[in-house]
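Structure file protein02.cif (mmCIF, C-alpha atoms; chains and numbers go by the auth columns) is printed below.
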data_my_file
#
loop_
_atom_site.group_PDB
_atom_site.id
_atom_site.type_symbol
_atom_site.label_atom_id
_atom_site.label_comp_id
_atom_site.label_asym_id
_atom_site.label_seq_id
_atom_site.Cartn_x
_atom_site.Cartn_y
_atom_site.Cartn_z
_atom_site.B_iso_or_equiv
_atom_site.auth_seq_id
_atom_site.auth_asym_id
ATOM 1 C CA MET A 1 8.542 24.832 22.314 0.00 103 A
ATOM 2 C CA GLU A 2 10.622 26.402 19.580 0.00 104 A
ATOM 3 C CA GLY A 3 9.963 30.108 19.310 0.00 105 A
ATOM 4 C CA ILE A 4 8.439 30.547 22.759 0.00 106 A
ATOM 5 C CA LYS A 5 9.413 33.868 24.299 0.00 107 A
ATOM 6 C CA ASP A 6 10.685 34.676 27.778 0.00 108 A
ATOM 7 C CA ASN A 7 7.834 34.536 30.284 0.00 109 A
ATOM 8 C CA GLY A 8 5.663 32.900 27.630 0.00 110 A
ATOM 9 C CA ILE A 9 2.796 30.520 28.315 0.00 111 A
ATOM 10 C CA PHE A 10 3.115 26.794 27.661 0.00 112 A
ATOM 11 C CA LEU A 11 0.146 24.444 28.023 0.00 113 A
ATOM 12 C CA LEU A 12 0.790 20.700 27.907 0.00 114 A
ATOM 13 C CA ASN A 13 -2.039 18.199 27.499 0.00 115 A
ATOM 14 C CA CYS A 14 -0.908 15.202 29.540 0.00 116 A
ATOM 15 C CA ILE A 15 -1.885 12.738 32.255 0.00 117 A
ATOM 16 C CA TRP A 16 1.053 13.521 34.579 0.00 118 A
ATOM 17 C CA ASP A 17 1.166 15.381 37.878 0.00 119 A
ATOM 18 C CA ASP A 18 4.101 17.679 38.742 0.00 120 A
ATOM 19 C CA THR A 19 6.228 14.878 40.181 0.00 121 A
ATOM 20 C CA GLN A 20 5.714 12.695 37.112 0.00 122 A
ATOM 21 C CA LEU A 21 6.557 15.632 34.828 0.00 123 A
ATOM 22 C CA CYS A 22 9.980 15.805 36.486 0.00 124 A
ATOM 23 C CA THR A 23 10.564 12.221 35.387 0.00 125 A
ATOM 24 C CA HIS A 24 9.082 12.332 31.891 0.00 126 A
ATOM 25 C CA LEU A 25 10.132 15.724 30.507 0.00 127 A
ATOM 26 C CA PRO A 26 13.470 15.848 28.653 0.00 128 A
ATOM 27 C CA VAL A 27 16.276 17.690 30.389 0.00 129 A
ATOM 28 C CA THR A 28 16.496 20.189 27.524 0.00 130 A
ATOM 29 C CA MET A 29 12.811 21.075 27.891 0.00 131 A
ATOM 30 C CA LYS A 30 13.071 21.503 31.650 0.00 132 A
ATOM 31 C CA LYS A 31 16.076 23.770 31.215 0.00 133 A
ATOM 32 C CA GLU A 32 14.310 25.934 28.638 0.00 134 A
ATOM 33 C CA ILE A 33 11.235 26.299 30.849 0.00 135 A
ATOM 34 C CA LEU A 34 13.422 27.426 33.742 0.00 136 A
ATOM 35 C CA GLU A 35 15.782 29.662 31.774 0.00 137 A
ATOM 36 C CA LYS A 36 12.964 31.509 29.988 0.00 138 A
ATOM 37 C CA LYS A 37 10.782 31.659 33.121 0.00 139 A
ATOM 38 C CA ILE A 38 7.952 30.114 31.137 0.00 140 A
ATOM 39 C CA ARG A 39 4.516 29.998 32.726 0.00 141 A
ATOM 40 C CA PHE A 40 3.895 26.265 32.507 0.00 142 A
ATOM 41 C CA TYR A 41 0.445 24.697 32.743 0.00 143 A
ATOM 42 C CA THR A 42 -0.982 21.230 32.200 0.00 144 A
ATOM 43 C CA ILE A 43 -4.453 19.913 31.476 0.00 145 A
ATOM 44 C CA ASN A 44 -5.721 16.343 31.248 0.00 146 A
ATOM 45 C CA ALA A 45 -8.049 16.966 28.326 0.00 147 A
ATOM 46 C CA ALA A 46 -8.313 13.272 27.500 0.00 148 A
ATOM 47 C CA ARG A 47 -9.757 12.443 30.914 0.00 149 A
ATOM 48 C CA LEU A 48 -12.242 15.324 30.800 0.00 150 A
ATOM 49 C CA GLY A 49 -13.321 14.368 27.291 0.00 151 A
ATOM 50 C CA GLU A 50 -13.970 10.800 28.353 0.00 152 A
ATOM 51 C CA GLU A 51 -15.860 11.877 31.474 0.00 153 A
ATOM 52 C CA LEU A 52 -18.138 14.079 29.380 0.00 154 A
ATOM 53 C CA GLY A 53 -18.793 11.408 26.768 0.00 155 A
ATOM 54 C CA LEU A 54 -16.719 13.080 24.059 0.00 156 A
ATOM 55 C CA GLY A 55 -14.248 10.228 23.725 0.00 157 A
ATOM 56 C CA LYS A 56 -11.045 11.435 22.090 0.00 158 A
ATOM 57 C CA ARG A 57 -12.550 14.722 20.907 0.00 159 A
ATOM 58 C CA ILE A 58 -10.776 17.378 22.938 0.00 160 A
ATOM 59 C CA ASN A 59 -10.763 20.325 20.532 0.00 161 A
ATOM 60 C CA MET A 60 -13.302 22.394 22.486 0.00 162 A
ATOM 61 C CA ILE A 61 -11.475 21.696 25.741 0.00 163 A
ATOM 62 C CA MET A 62 -8.145 22.846 24.330 0.00 164 A
ATOM 63 C CA GLN A 63 -9.611 25.908 22.606 0.00 165 A
ATOM 64 C CA THR A 64 -11.266 27.009 25.841 0.00 166 A
ATOM 65 C CA ALA A 65 -7.994 26.492 27.711 0.00 167 A
ATOM 66 C CA PHE A 66 -6.166 28.567 25.101 0.00 168 A
ATOM 67 C CA PHE A 67 -8.504 31.520 25.556 0.00 169 A
ATOM 68 C CA ALA A 68 -8.451 31.163 29.337 0.00 170 A
ATOM 69 C CA LEU A 69 -4.657 31.373 29.462 0.00 171 A
ATOM 70 C CA SER A 70 -3.954 33.817 26.645 0.00 172 A
ATOM 71 C CA GLY A 71 -6.490 36.446 27.675 0.00 173 A
ATOM 72 C CA ILE A 72 -6.637 37.797 24.129 0.00 174 A
ATOM 73 C CA ILE A 73 -10.363 38.347 24.589 0.00 175 A
ATOM 74 C CA PRO A 74 -12.472 38.255 27.776 0.00 176 A
ATOM 75 C CA GLN A 75 -13.205 34.679 28.848 0.00 177 A
ATOM 76 C CA GLU A 76 -16.971 35.196 28.842 0.00 178 A
ATOM 77 C CA GLN A 77 -16.798 36.407 25.259 0.00 179 A
ATOM 78 C CA ALA A 78 -14.620 33.471 24.235 0.00 180 A
ATOM 79 C CA VAL A 79 -17.056 31.004 25.807 0.00 181 A
ATOM 80 C CA SER A 80 -19.954 32.644 23.968 0.00 182 A
ATOM 81 C CA TYR A 81 -18.131 32.440 20.609 0.00 183 A
ATOM 82 C CA LEU A 82 -17.150 28.816 21.173 0.00 184 A
ATOM 83 C CA LYS A 83 -20.702 27.814 22.019 0.00 185 A
ATOM 84 C CA GLN A 84 -21.919 29.539 18.871 0.00 186 A
ATOM 85 C CA GLU A 85 -19.418 27.466 16.889 0.00 187 A
ATOM 86 C CA VAL A 86 -20.645 24.292 18.589 0.00 188 A
ATOM 87 C CA GLN A 87 -24.205 25.101 17.591 0.00 189 A
ATOM 88 C CA LYS A 88 -23.112 25.879 14.047 0.00 190 A
ATOM 89 C CA ASN A 89 -20.868 22.850 13.525 0.00 191 A
ATOM 90 C CA TYR A 90 -22.541 20.149 15.621 0.00 192 A
ATOM 91 C CA GLY A 91 -26.161 21.270 15.821 0.00 193 A
ATOM 92 C CA HIS A 92 -27.227 18.729 13.213 0.00 194 A
ATOM 93 C CA GLN A 93 -25.896 15.902 15.417 0.00 195 A
ATOM 94 C CA GLY A 94 -28.487 16.444 18.125 0.00 196 A
ATOM 95 C CA GLN A 95 -28.857 18.099 21.506 0.00 197 A
ATOM 96 C CA GLN A 96 -26.779 15.521 23.356 0.00 198 A
ATOM 97 C CA VAL A 97 -23.698 16.334 21.292 0.00 199 A
ATOM 98 C CA ILE A 98 -24.290 20.042 21.804 0.00 200 A
ATOM 99 C CA ASP A 99 -24.706 19.621 25.566 0.00 201 A
ATOM 100 C CA ARG A 100 -21.511 17.564 25.851 0.00 202 A
ATOM 101 C CA ASN A 101 -19.497 20.188 24.010 0.00 203 A
ATOM 102 C CA TYR A 102 -21.053 22.962 26.097 0.00 204 A
ATOM 103 C CA ALA A 103 -20.016 21.027 29.208 0.00 205 A
ATOM 104 C CA ALA A 104 -16.469 20.745 27.829 0.00 206 A
ATOM 105 C CA ILE A 105 -16.326 24.502 27.338 0.00 207 A
ATOM 106 C CA ASP A 106 -17.772 25.208 30.804 0.00 208 A
ATOM 107 C CA ASN A 107 -15.410 22.812 32.594 0.00 209 A
ATOM 108 C CA ALA A 108 -12.129 23.210 30.702 0.00 210 A
ATOM 109 C CA ALA A 109 -10.758 26.284 32.464 0.00 211 A
ATOM 110 C CA GLY A 110 -11.211 24.623 35.843 0.00 212 A
ATOM 111 C CA GLN A 111 -9.007 21.726 34.754 0.00 213 A
ATOM 112 C CA ILE A 112 -5.964 23.886 34.009 0.00 214 A
ATOM 113 C CA HIS A 113 -3.146 23.280 36.494 0.00 215 A
ATOM 114 C CA LYS A 114 -0.176 25.602 37.039 0.00 216 A
ATOM 115 C CA VAL A 115 2.987 23.524 37.288 0.00 217 A
ATOM 116 C CA ASN A 116 5.328 24.083 40.217 0.00 218 A
ATOM 117 C CA THR A 117 8.502 24.773 38.248 0.00 219 A
ATOM 118 C CA ALA A 118 10.549 24.675 41.457 0.00 220 A
ATOM 119 C CA LEU A 119 10.087 20.901 41.324 0.00 221 A
ATOM 120 C CA LEU A 120 11.489 20.838 37.794 0.00 222 A
ATOM 121 C CA GLU A 121 14.539 22.750 38.973 0.00 223 A
ATOM 122 C CA ALA A 122 15.014 20.448 41.954 0.00 224 A
ATOM 123 C CA SER A 123 14.830 17.423 39.650 0.00 225 A
ATOM 124 C CA LEU A 124 17.846 18.578 37.662 0.00 226 A
ATOM 125 C CA SER A 125 21.050 17.251 39.159 0.00 227 A
ATOM 126 C CA GLU A 126 24.268 19.173 38.533 0.00 228 A
ATOM 127 C CA ASN A 127 25.258 16.535 36.009 0.00 229 A
ATOM 128 C CA GLU A 128 21.941 16.748 34.154 0.00 230 A
ATOM 129 C CA GLN A 129 22.125 20.529 33.957 0.00 231 A
ATOM 130 C CA GLU A 130 25.340 20.317 31.998 0.00 232 A
ATOM 131 C CA GLN A 131 24.930 17.239 29.835 0.00 233 A
ATOM 132 C CA ASN A 132 23.342 16.930 26.409 0.00 234 A
ATOM 133 C CA GLU A 133 20.779 14.181 26.198 0.00 235 A
ATOM 134 C CA GLN A 134 22.243 11.206 24.391 0.00 236 A
ATOM 135 C CA ILE A 135 20.815 7.720 24.136 0.00 237 A
ATOM 136 C CA SER A 136 23.162 4.757 24.316 0.00 238 A
ATOM 137 C CA THR A 137 22.023 1.516 22.687 0.00 239 A
ATOM 138 C CA GLY A 138 25.271 -0.422 22.799 0.00 240 A
ATOM 139 C CA SER A 139 25.725 -0.095 19.024 0.00 241 A
ATOM 140 C CA GLU A 140 27.813 2.771 17.649 0.00 242 A
ATOM 141 C CA SER A 141 25.934 2.943 14.347 0.00 243 A
ATOM 142 C CA LEU A 142 22.553 2.762 16.044 0.00 244 A
ATOM 143 C CA ASP A 143 23.599 5.394 18.597 0.00 245 A
ATOM 144 C CA PHE A 144 24.434 7.740 15.715 0.00 246 A
ATOM 145 C CA PHE A 145 21.119 7.095 13.984 0.00 247 A
ATOM 146 C CA VAL A 146 19.056 7.577 17.129 0.00 248 A
ATOM 147 C CA ASN A 147 20.816 10.731 18.365 0.00 249 A
ATOM 148 C CA GLN A 148 21.590 12.478 15.085 0.00 250 A
ATOM 149 C CA ILE A 149 18.538 11.549 13.004 0.00 251 A
ATOM 150 C CA MET A 150 15.657 9.999 14.945 0.00 252 A
ATOM 151 C CA ILE A 151 15.576 12.369 17.932 0.00 253 A
ATOM 152 C CA PRO A 152 15.760 15.577 15.832 0.00 254 A
ATOM 153 C CA MET A 153 13.021 14.217 13.561 0.00 255 A
ATOM 154 C CA ASN A 154 10.792 13.392 16.538 0.00 256 A
ATOM 155 C CA ARG A 155 11.292 16.949 17.785 0.00 257 A
ATOM 156 C CA GLN A 156 10.149 18.365 14.428 0.00 258 A
ATOM 157 C CA LYS A 157 13.700 19.533 13.695 0.00 259 A
ATOM 158 C CA GLY A 158 14.366 17.396 10.654 0.00 260 A
ATOM 159 C CA ASP A 159 15.305 20.442 8.577 0.00 261 A
ATOM 160 C CA GLU A 160 18.307 20.974 10.871 0.00 262 A
ATOM 161 C CA ILE A 161 19.821 17.533 10.180 0.00 263 A
ATOM 162 C CA LEU A 162 22.979 17.738 8.095 0.00 264 A
ATOM 163 C CA VAL A 163 22.938 15.927 4.759 0.00 265 A
ATOM 164 C CA SER A 164 26.181 14.213 5.783 0.00 266 A
ATOM 165 C CA ALA A 165 24.276 12.434 8.567 0.00 267 A
ATOM 166 C CA PHE A 166 22.626 10.265 5.899 0.00 268 A
ATOM 167 C CA GLU A 167 25.870 8.924 4.476 0.00 269 A
ATOM 168 C CA GLY A 168 25.372 5.238 3.723 0.00 270 A
ATOM 169 C CA MET A 169 21.616 5.659 3.457 0.00 271 A
ATOM 170 C CA GLU A 170 21.595 7.136 -0.035 0.00 272 A
ATOM 171 C CA ALA A 171 19.484 4.249 -1.343 0.00 273 A
ATOM 172 C CA GLN A 172 16.783 5.195 1.172 0.00 274 A
ATOM 173 C CA ARG A 173 17.757 2.370 3.510 0.00 275 A
ATOM 174 C CA ILE A 174 16.879 3.424 7.018 0.00 276 A
ATOM 175 C CA MET A 175 16.660 1.455 10.257 0.00 277 A
ATOM 176 C CA ILE A 176 12.903 1.627 10.670 0.00 278 A
ATOM 177 C CA GLY A 177 12.601 -1.843 12.171 0.00 279 A
ATOM 178 C CA ARG A 178 15.386 -1.315 14.668 0.00 280 A
ATOM 179 C CA GLN A 179 14.138 2.154 15.447 0.00 281 A
ATOM 180 C CA GLY A 180 10.696 0.900 16.323 0.00 282 A
ATOM 181 C CA GLY A 181 11.830 -2.279 18.016 0.00 283 A
ATOM 182 C CA LEU A 182 14.657 -1.076 20.221 0.00 284 A
ATOM 183 C CA ASP A 183 14.570 2.651 20.662 0.00 285 A
ATOM 184 C CA GLU A 184 11.110 4.062 20.329 0.00 286 A
ATOM 185 C CA LYS A 185 9.012 2.099 22.797 0.00 287 A
ATOM 186 C CA LYS A 186 7.119 5.178 23.846 0.00 288 A
ATOM 187 C CA LYS A 187 3.907 3.411 24.848 0.00 289 A
ATOM 188 C CA LEU A 188 1.863 6.223 23.351 0.00 290 A
ATOM 189 C CA ALA A 189 -1.498 4.470 23.609 0.00 291 A
ATOM 190 C CA ARG A 190 -3.593 5.580 26.580 0.00 292 A
ATOM 191 C CA ASN A 191 -5.799 2.483 26.338 0.00 293 A
ATOM 192 C CA ILE A 192 -4.309 -0.951 25.707 0.00 294 A
ATOM 193 C CA ALA A 193 -6.566 -3.640 24.255 0.00 295 A
ATOM 194 C CA GLY A 194 -6.649 -6.968 26.076 0.00 296 A
ATOM 195 C CA ILE A 195 -7.872 -10.451 25.208 0.00 297 A
ATOM 196 C CA MET A 196 -10.890 -11.655 27.142 0.00 298 A
ATOM 197 C CA ASP A 197 -10.935 -15.327 28.098 0.00 299 A
ATOM 198 C CA SER A 198 -14.716 -15.399 28.144 0.00 300 A
ATOM 199 C CA TYR A 199 -17.638 -13.255 27.127 0.00 301 A
#
Could you render the structure as structure tokens?
Amino acid sequence: MEGIKDNGIFLLNCIWDDTQLCTHLPVTMKKEILEKKIRFYTINAARLGEELGLGKRINMIMQTAFFALSGIIPQEQAVSYLKQEVQKNYGHQGQQVIDRNYAAIDNAAGQIHKVNTALLEASLSENEQEQNEQISTGSESLDFFVNQIMIPMNRQKGDEILVSAFEGMEAQRIMIGRQGGLDEKKKLARNIAGIMDSY
């Protein structure tokens, strides 16, 4: 969200409803949304893509949502341009692929949900509104690594990390194993493979 202006538009592709957003969004993000009066929307592009037979391909869904929210050109015009691009880029793959992408374009705008930011505000306790998010692992050295290096890197803010934070890691030794094993169990996969006992 870096660089977003006051009253800007923020679209998040996720599987959560408003109540779940209150649980999953970082405190710092919730505060920024509220302080800047950001117009916050969500869309479950993954679900729509799967329903339409597109699998993980959500680019047309997200592009349509962008034009629907930004209003930089009339929506009808945007839809026409996007469908022309589908024909141009995917026409050689057959009519079924074209039809699925057309359906994604036609249905995307209807899947956009405006988030009730009052729920985000209500989810912030007085203590949360004041505190900086810090993760405690029980190990002082690991706490430092997670909070001063790993979290900024995950937030695409690696260029803001001080060189002094890497003291003791000059030989490129970094706690990758511990990072992955203890502190970064994000469960990012939407679909988890299982073992079938029989076929």
Could you pull the residues within 12 Å of A:Met131, counting all atoms listed in the file, minus those fewer than 5 positions along the same chain, as a short mmCIF file (atom, residue, chain, number, x, y, z; two decimals) with C-alpha atoms, in the frame of the given file?
data_model
loop_
_atom_site.label_atom_id
_atom_site.label_comp_id
_atom_site.auth_asym_id
_atom_site.auth_seq_id
_atom_site.Cartn_x
_atom_site.Cartn_y
_atom_site.Cartn_z
CA MET A 103 8.54 24.83 22.31
CA GLU A 104 10.62 26.40 19.58
CA ILE A 106 8.44 30.55 22.76
CA PHE A 112 3.12 26.79 27.66
CA LEU A 123 6.56 15.63 34.83
CA CYS A 124 9.98 15.80 36.49
CA THR A 125 10.56 12.22 35.39
CA HIS A 126 9.08 12.33 31.89
CA LEU A 136 13.42 27.43 33.74
CA GLU A 137 15.78 29.66 31.77
CA LYS A 138 12.96 31.51 29.99
CA LYS A 139 10.78 31.66 33.12
CA ILE A 140 7.95 30.11 31.14
CA PHE A 142 3.90 26.26 32.51
CA THR A 219 8.50 24.77 38.25
CA LEU A 222 11.49 20.84 37.79
CA GLU A 223 14.54 22.75 38.97
CA LEU A 226 17.85 18.58 37.66
CA GLU A 230 21.94 16.75 34.15
CA GLN A 231 22.12 20.53 33.96
CA ASN A 234 23.34 16.93 26.41
CA GLU A 235 20.78 14.18 26.20
CA ARG A 257 11.29 16.95 17.78
#
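Proximity ranking of A:His194, A:Lys216, A:Lys107, A:Lys259 relative to A:Ile145 places A:Lys216 first, based on only C-alpha atoms.
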Q) Between atom CA of A:Gly155 and atom CA of A:Tyr204, what is the spacing in Å? A)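 Interatomic distance, atom CA of A:Tyr204 to atom CA of A:Gly155: 11.8 Å.
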Q) What is the distance between atom CA of A:Ile160 and atom CA of A:Ala147, in Å to one decimal? A) 6.1 Å
Padding 5 Å on every side, please: axis-aligned box over the listed atoms of stretch 177-180 of chain A, centre and edge lengths to one decimal in Å, as lines of an AutoDock Vina configuration file.
center_x = -15.1
center_y = 34.9
center_z = 26.5
size_x = 13.8
size_y = 12.9
size_z = 14.6
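Using only C-alpha atoms, the nearest neighbour of A:Asp208 within the list A:Ala180, A:Leu171, A:Gln195, A:Gly110 is A:Ala180.
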Q: Go ahead and compute the interatomic distance for atom CA of A:Arg141 and atom CA of A:Asn249, in Å to one decimal.
A: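 Between atom CA of A:Arg141 and atom CA of A:Asn249 the gap works out to 29.0 Å.
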Write out, as JSON lines, each residue of stretch 151-257 of chain A that has an atom at most 8 Å from stretch 118-121 of chain A, together with the closest pair of atoms and their distance in Å to one decimal, counting all atoms listed in the file, rows going by chain and rising number.
{"residue": "A:Val217", "atom": "CA", "partner": "A:Asp120", "partner_atom": "CA", "distance": 6.1}
{"residue": "A:Asn218", "atom": "CA", "partner": "A:Asp120", "partner_atom": "CA", "distance": 6.7}
{"residue": "A:Leu221", "atom": "CA", "partner": "A:Thr121", "partner_atom": "CA", "distance": 7.2}
Q | Nearest to A:Gln213 by atom-to-atom distance, counting all atoms listed in the file, from A:Asn191, A:Gln165, A:Thr144, A:Asn256 | A | A:Thr144
Q.
So, with only C-alpha atoms as the atoms that count, which of A:Gly260, A:Gln189, A:Ser227, A:Gly296 lies closest to A:Val129?
A. A:Ser227
Q | Given all atoms listed in the file as the counted atoms, nearest of A:Gln250, A:Asn203, A:Ser225, A:Asn109 to A:Gln122 | A | A:Ser225
(Q) When the PyMOL selection byres ((chain A and resi 251) around 10) is applied to the structure above, which residues does it catch, written out as a ChimeraX atom specification? (A) /A:245-250,252-256,259-260,262-264,267-268
